[in-house]
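Colleague: The structure is given below, and queries will be raised subsequently.
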Amino acid sequence: MDYQSEYYKAITYIRAKIDQMLTLIGTLPLRPEELDDRTLIDLDPIGIVSDAFGQILSHLHDTNQKLDVARQEIRAIFDSMDAAVVVVNHDGSIDDCNRQAREWLFGDLDAQMLIGRPLAELCPCDREIQQQVMSGRGRGQTIEVDGRHLQIIVSDITDAHQNSIKKVVICFDVTQQKKTEASLGLYGKVFESTAEGIAITDSRMRFLQVNEAYCRITGYSDGELLGRTPRMLKSGHHDAAFYADISKTLEVRGHWRGEILDRTRDGRVIPLLQTISVVRDTQGAVSHYITIVTDISSIKETQSRLDFLAHHDPLTELPNRLLFTARLEHAIDWAVRNQAHFGLLFIDLDRFKTINDSLGHQLGDRLLVQVARRLRGLVRKSDTIARLGGDEFVVLVEGIHNAGEAELLAEKLVHAMRQPFFLEETELHIGCSIGITLYPEDGEDPVTLLKNADAAMYRVKDFGRDGFCKFSQDLAEAVDERLALETALRQALRENQLQVHYQPVIDLAQGRMVAVEALARWRHAERGEIAPCSFIRLAEETKLILPLGGWMARTAIGQFRLWRERGMELDYVSINTSGIELFDPGFVDGLFEALDEHGLEGRHLQIELTENVLMQDYEACRRVLLRLRQQGVRIAIDDFGTGYSSLAYLKQLPIDMLKIDRSFIKDVPGDPGDCAIVETIIAMAHRLGLATVAEGVETEEQEDYLLAIGCERLQGYRYARPLDPVSLERLHADSVRQAAPDSASSAVRVPGGR
Amino acid sequence: MAERAQDNVVLDIRGQICPSCLLLALKELNRYGEAVRSGSLEIVVITDDRQATSTIPAAVDKMGYIAEVTHIPEGYRICLRGAV
């Protein structure tokens, strides 16, 4: 064995292994010239390096243990984070994710099901956002997943060469923040857009924030308000006590609400409805005041307008009855205390109704406005002029001493009303009638004063209108009389004290009684026979004509039916109809029901209207008459020639007959003028195909004349006055008997006739 | 060559070059490892070999020690202590 050779081999081997170990430890190889073999063995590099490796391994072990703990710590933090964390590999697969990510993003799938799978397959957000996230552009982006708003933050994990190897995607739940932002935004909008002015002040009442409405209401810009206090808005209309009360209420109750007058920037004083609330901090100290104001100027204006309308006539803007009565009561109170006098002028326009009916309500209204203006111009400021309704006005004249002063004013007013009015280039003439009462001699309360003035006014109307009349005692008696008559009439109607009498209509050509006119008769137990002209007019004024007319129609129709059953050959029964009845909605149906009830036809009934009724409301009148005509009811114009009807109506309305007024018949054939009128009427009627009846025929001469000019139907005392049913039946029987043997002309001679 | 001074073991290896420097430093660490690791002892290596200022810190770092190198007039002072 060559020991020398083996020694070298061994030393070479040892040196090689030492170098190998030194390389591993990161240093240079040992050079033989630096360390001889003996020193090498003494130094024991293999032992040193092995021990060092032992320490390295031990250190690695410790480090690994610490890393394990650290990893567990990180995992615990990772899973307990209130954010979803997803670690994504460079290839887009999921490397890891925390509990919150599984819950919020991946439908609670197990981590095992997620890790390694592509994020694109599992992530609920859209592809574009994913791409933005993976490319690093999605930072700060917010996504919505199942109603949860998540804000994304992406971090890169890079290798030693700064190459991105993973991305950590962290999603924070910002739902609550979003909601808070949204509600703050909403509060902001409410604050800015509300119609109420809102101001927030600090504890020393200095404006911190005001909204647009507050600026609009006060006229100040926010720049002018901020830092200053509401004292700048003081109007000077409230005293110190008012503001002290607000402060005290705020202190005690925490809020104050009330109306306040503030001054705007341009100096206007505006009414505000103001609510102030105290805001306190957690310690209970006042931190802010919130003031909400509503501009109630328009409400106040509306209130005063409503108040005005409640007390004034909207058309003429004059005080209405309500306000007038209050003023009148006040005037009475004052007069009682001061032993003073005052006057009341009750004004009714003449011919206003005709103008209103013929020219239309619109023009009528405009005329009333002009009348009001003219009247207002003539009375003193201290006098009250009011419109009670329709064409009735009243003036309260205070501070006068005798009737003469009131009469002087009345004369002025009457004169002024005589002057024409001009409307749309139409010249209108009206005039007025005025009744005057004085306090206290003509009444001591509002009702009596007004009633008596009204009565005095009617006296003027009775005497031909266009004037004035001071109330007097005899007038009072007339008023009482009228009232007594009205009460009696009501009672008569209730107790069936009225009767219907019938006056025949004679047809000379046929030589027989062809019809009867029904007329109301009232025999009062104490007063005796009351003239129809007085109680019919009263009935019309009090509207008692409606029950009276209805009763008349039913009675007359029933009587007619009875006579026909007894063989009396009458063509129809005629009843008088007033305008009030004609325009009553139930009028036509009432007549039809009465006819039906007695099995009669329309042709058995005739209604008589005066020309003035036709003029009241042409269209309404036409509608009613056409309905009657459809059922065959006859229509006659009563008192023809005395009214103011347009002859055109005779053609346009369904009229059958003209009854020539007695005033034209009275002096024929002696008076050529009346003859001309009567002949003209008859000729016209014939041309229009209308029948005629002459009323009030009394003499043989009249009869001969009328017959000669072609008027064959006659009515009057020459034949019979109105008779009760029994007398009329007897008369009819007599006339039939007399006519039978000799049917020559003037055969009808009625016993008892004139 | 090595002398103890209070809590420090000073290893003056001036004149030596790597890898001897590293081996001598490691030898001392192997000997006093426990004490150094616990913080009761520091090993101070005084060397004038520049290479040692990188090889020694690199090696002891893998073993879990900290090496702090400071320049001194004689060369370099490398203080080895346990990682806290």
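Going by the structure tokens order, chains are called A, B, ..., each with residues numbered from 1, while ligands are numbered from 1 in the order shown.
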Extract, using only C-alpha atoms, all DNA, RNA and protein residues at most 9 Å from Glu712 in chain A, discarding same-chain residues fewer than 3 positions from it, and format them as an NGL selection string.
Modeller: :A and (506-510 or 692-694 or 703 or 706-709)
Colleague: Residues of chain A within 6 Å of chain B, counting only C-alpha atoms, what are they? List them as a PyMOL selection string.
Modeller: chain A and resi 28+48+55-56+59
Colleague: Store the residues picked out above in a file with N, CA and C atoms, as a PDB file, in the first residue's frame.
Modeller:
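In the end it all went to again-v6.pdb:
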ATOM      1  N   LEU A  28     -15.190  31.608  -0.054  1.00  0.00           N
ATOM      2  CA  LEU A  28     -14.235  31.122  -1.042  1.00  0.00           C
ATOM      3  C   LEU A  28     -13.602  29.793  -0.602  1.00  0.00           C
ATOM      4  N   ILE A  48     -16.392  22.713  12.183  1.00  0.00           N
ATOM      5  CA  ILE A  48     -16.986  24.055  12.338  1.00  0.00           C
ATOM      6  C   ILE A  48     -18.202  24.223  11.438  1.00  0.00           C
ATOM      7  N   GLN A  55     -26.603  24.666  13.441  1.00  0.00           N
ATOM      8  CA  GLN A  55     -27.294  25.895  13.891  1.00  0.00           C
ATOM      9  C   GLN A  55     -28.259  26.426  12.833  1.00  0.00           C
ATOM     10  N   ILE A  56     -27.799  26.322  11.575  1.00  0.00           N
ATOM     11  CA  ILE A  56     -28.688  26.797  10.484  1.00  0.00           C
ATOM     12  C   ILE A  56     -29.991  26.004  10.479  1.00  0.00           C
ATOM     13  N   HIS A  59     -32.064  26.978  13.350  1.00  0.00           N
ATOM     14  CA  HIS A  59     -32.691  28.286  13.100  1.00  0.00           C
ATOM     15  C   HIS A  59     -33.852  28.189  12.103  1.00  0.00           C
TER      16      HIS A  59
END
Colleague: Cys125 in chain A: which residues within 9 Å, counting only C-alpha atoms, same-chain residues fewer than 4 positions away excluded, as a VMD selection string?
Modeller: chain A and resid 105 120 129 to 130 143 to 145
Colleague: I'd like to know which of B:Gly39, B:Arg77, B:Val9, B:Val69 is closest to Pro57 in chain B, using only C-alpha atoms.
Modeller: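 Going through B:Gly39, B:Arg77, B:Val9, B:Val69 one by one, the smallest distance to Pro57 in chain B is for B:Val69.
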Colleague: What's the 10 Å shell around Glu192 in chain A, counting only C-alpha atoms, without same-chain residues fewer than 6 positions away, as a PyMOL selection string?
Modeller: chain A and resi 186+198+210-214
Colleague: Just all heavy atoms for this one: save the residues we selected as a compact mmCIF listing (two decimals), in the first residue's frame.
Modeller:
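Contents of out11.txt, freshly written:
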# COMPACT_ATOMS: atom_id res chain seq x y z
N LEU A 186 -80.58 63.22 0.13
CA LEU A 186 -82.01 63.49 0.13
C LEU A 186 -82.34 64.66 1.06
O LEU A 186 -83.08 65.58 0.70
CB LEU A 186 -82.75 62.23 0.60
CG LEU A 186 -84.23 62.17 0.33
CD1 LEU A 186 -84.48 62.22 -1.17
CD2 LEU A 186 -84.82 60.91 0.91
N ILE A 198 -85.77 77.42 5.60
CA ILE A 198 -85.16 76.76 6.75
C ILE A 198 -83.84 77.47 7.07
O ILE A 198 -83.05 77.75 6.17
CB ILE A 198 -84.87 75.27 6.47
CG1 ILE A 198 -86.16 74.56 6.03
CG2 ILE A 198 -84.29 74.58 7.69
CD1 ILE A 198 -85.97 73.13 5.60
N VAL A 210 -78.66 78.42 5.59
CA VAL A 210 -80.02 78.81 5.20
C VAL A 210 -80.30 78.19 3.85
O VAL A 210 -79.37 78.01 3.06
CB VAL A 210 -80.20 80.35 5.10
CG1 VAL A 210 -80.15 80.99 6.46
CG2 VAL A 210 -79.17 80.97 4.19
N ASN A 211 -81.55 77.86 3.60
CA ASN A 211 -81.84 77.29 2.29
C ASN A 211 -82.32 78.37 1.33
O ASN A 211 -82.48 79.55 1.72
CB ASN A 211 -82.83 76.11 2.40
CG ASN A 211 -84.23 76.55 2.75
OD1 ASN A 211 -84.45 77.72 3.09
ND2 ASN A 211 -85.18 75.65 2.67
N GLU A 212 -82.54 77.93 0.08
CA GLU A 212 -82.89 78.89 -0.98
C GLU A 212 -84.21 79.60 -0.66
O GLU A 212 -84.34 80.81 -0.86
CB GLU A 212 -83.04 78.11 -2.28
CG GLU A 212 -82.75 78.91 -3.51
CD GLU A 212 -82.93 78.03 -4.74
OE1 GLU A 212 -82.19 77.04 -4.87
OE2 GLU A 212 -83.83 78.34 -5.53
N ALA A 213 -85.18 78.80 -0.11
CA ALA A 213 -86.49 79.38 0.18
C ALA A 213 -86.37 80.48 1.24
O ALA A 213 -87.04 81.52 1.17
CB ALA A 213 -87.45 78.29 0.64
N TYR A 214 -85.50 80.24 2.22
CA TYR A 214 -85.32 81.25 3.28
C TYR A 214 -84.80 82.55 2.67
O TYR A 214 -85.24 83.64 3.01
CB TYR A 214 -84.36 80.72 4.35
CG TYR A 214 -84.41 81.50 5.64
CD1 TYR A 214 -85.34 81.18 6.62
CD2 TYR A 214 -83.56 82.58 5.87
CE1 TYR A 214 -85.41 81.90 7.80
CE2 TYR A 214 -83.63 83.31 7.04
CZ TYR A 214 -84.56 82.97 8.01
OH TYR A 214 -84.63 83.69 9.16
Colleague: Find the spatial neighbours of Arg265 in chain A, counting only C-alpha atoms, within a cut-off of 7 Å - ignore same-chain residues fewer than 6 positions away - and output them as a PyMOL selection string.
Modeller: chain A and resi 218-220
Colleague: Give the strand (DSSP E or B) residues of range 88-318 of chain A, as DSSP finds them on the backbone, and put them as a ChimeraX atom specification.
Modeller: /A:88-89,93-97,118,142-145,148-158,164-173,197-202,207-210,234,255-263,269-280,286-295,312
Colleague: Which polymer residues have any atom within 7 Å of an atom of Glu68 in chain B, counting only C-alpha atoms, with same-chain residues fewer than 5 positions away left out, as a ChimeraX atom specification?
Modeller: /B:78-80
Colleague: Would you save the residues of that selection, restricted to all heavy atoms, as a short mmCIF file (atom, residue, chain, number, x, y, z; two decimals), in the first residue's frame?
Modeller:
data_model
loop_
_atom_site.label_atom_id
_atom_site.label_comp_id
_atom_site.auth_asym_id
_atom_site.auth_seq_id
_atom_site.Cartn_x
_atom_site.Cartn_y
_atom_site.Cartn_z
N ILE B 78 -16.98 43.55 13.65
CA ILE B 78 -18.24 42.87 13.32
C ILE B 78 -18.79 42.31 14.62
O ILE B 78 -18.17 41.42 15.23
CB ILE B 78 -18.01 41.75 12.29
CG1 ILE B 78 -17.33 42.30 11.04
CG2 ILE B 78 -19.32 41.08 11.92
CD1 ILE B 78 -16.84 41.24 10.07
N CYS B 79 -19.93 42.85 15.00
CA CYS B 79 -20.54 42.44 16.26
C CYS B 79 -21.64 41.42 15.95
O CYS B 79 -22.55 41.69 15.18
CB CYS B 79 -21.09 43.68 16.97
SG CYS B 79 -21.82 43.29 18.55
N LEU B 80 -21.53 40.24 16.59
CA LEU B 80 -22.52 39.19 16.34
C LEU B 80 -23.38 39.03 17.59
O LEU B 80 -22.86 38.87 18.70
CB LEU B 80 -21.79 37.88 16.03
CG LEU B 80 -20.74 37.93 14.91
CD1 LEU B 80 -20.06 36.54 14.78
CD2 LEU B 80 -21.37 38.32 13.58
#
Colleague: Give the alpha helix (DSSP H) residues of range 548-644 of chain A, as assigned by DSSP on the backbone, as a count of residues only.
Modeller: 52
Colleague: Can you tell me which residues surround range 636-652 of chain A at a distance of at most 8 Å, considering only C-alpha atoms, apart from same-chain residues fewer than 4 positions away, and format the answer as a PyMOL selection string?
Modeller: chain A and resi 606-612+614-615+656-662+688
Colleague: Could you dump the residues just selected with N, CA and C atoms as a JSON list (two decimals), in the first residue's frame?
Modeller:
[["chain", "number", "residue", "atom", "x", "y", "z"],
["A", 606, "GLN", "N", -156.73, 74.26, -21.80],
["A", 606, "GLN", "CA", -156.06, 75.41, -22.42],
["A", 606, "GLN", "C", -155.39, 76.20, -21.31],
["A", 607, "ILE", "N", -154.15, 76.64, -21.56],
["A", 607, "ILE", "CA", -153.54, 77.53, -20.58],
["A", 607, "ILE", "C", -153.49, 78.93, -21.17],
["A", 608, "GLU", "N", -153.72, 79.92, -20.31],
["A", 608, "GLU", "CA", -153.70, 81.32, -20.76],
["A", 608, "GLU", "C", -152.50, 82.02, -20.13],
["A", 609, "LEU", "N", -151.71, 82.60, -21.01],
["A", 609, "LEU", "CA", -150.51, 83.32, -20.54],
["A", 609, "LEU", "C", -150.61, 84.76, -20.97],
["A", 610, "THR", "N", -150.02, 85.67, -20.20],
["A", 610, "THR", "CA", -149.97, 87.06, -20.66],
["A", 610, "THR", "C", -148.71, 87.25, -21.51],
["A", 611, "GLU", "N", -148.74, 88.32, -22.31],
["A", 611, "GLU", "CA", -147.58, 88.57, -23.17],
["A", 611, "GLU", "C", -146.31, 88.73, -22.35],
["A", 612, "ASN", "N", -146.42, 89.33, -21.18],
["A", 612, "ASN", "CA", -145.23, 89.61, -20.37],
["A", 612, "ASN", "C", -144.53, 88.32, -19.92],
["A", 614, "LEU", "N", -144.32, 85.64, -21.71],
["A", 614, "LEU", "CA", -143.54, 85.19, -22.88],
["A", 614, "LEU", "C", -142.21, 85.91, -22.94],
["A", 615, "MET", "N", -142.22, 87.18, -22.50],
["A", 615, "MET", "CA", -141.03, 88.01, -22.62],
["A", 615, "MET", "C", -139.99, 87.70, -21.54],
["A", 656, "ASP", "N", -152.24, 78.99, -30.00],
["A", 656, "ASP", "CA", -153.47, 78.65, -30.71],
["A", 656, "ASP", "C", -154.43, 79.82, -30.80],
["A", 657, "MET", "N", -154.36, 80.68, -29.78],
["A", 657, "MET", "CA", -155.46, 81.65, -29.68],
["A", 657, "MET", "C", -155.01, 82.96, -29.05],
["A", 658, "LEU", "N", -155.65, 84.07, -29.50],
["A", 658, "LEU", "CA", -155.42, 85.36, -28.86],
["A", 658, "LEU", "C", -156.73, 85.76, -28.19],
["A", 659, "LYS", "N", -156.61, 86.17, -26.93],
["A", 659, "LYS", "CA", -157.80, 86.68, -26.25],
["A", 659, "LYS", "C", -157.67, 88.19, -26.20],
["A", 660, "ILE", "N", -158.51, 88.88, -26.96],
["A", 660, "ILE", "CA", -158.38, 90.33, -27.11],
["A", 660, "ILE", "C", -158.83, 91.00, -25.81],
["A", 661, "ASP", "N", -157.94, 91.86, -25.31],
["A", 661, "ASP", "CA", -158.19, 92.46, -24.00],
["A", 661, "ASP", "C", -159.46, 93.29, -23.99],
["A", 662, "ARG", "N", -160.14, 93.25, -22.84],
["A", 662, "ARG", "CA", -161.43, 93.92, -22.70],
["A", 662, "ARG", "C", -161.35, 95.42, -22.92],
["A", 688, "LEU", "N", -152.40, 84.38, -39.37],
["A", 688, "LEU", "CA", -151.43, 83.48, -38.71],
["A", 688, "LEU", "C", -152.07, 82.14, -38.34]]
Colleague: Work out how far apart CA of Asp442 in chain A and CA of Cys469 in chain A are and give it in Å to one decimal.
Modeller: 12.8 Å
Colleague: My list of candidates is B:Tyr76, B:Thr70, B:Asp48, B:Asn8. Which is closest to Tyr32 in chain B when distances are computed with only C-alpha atoms?
Modeller: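 Of all the options, B:Asn8 lies closest to Tyr32 in chain B.
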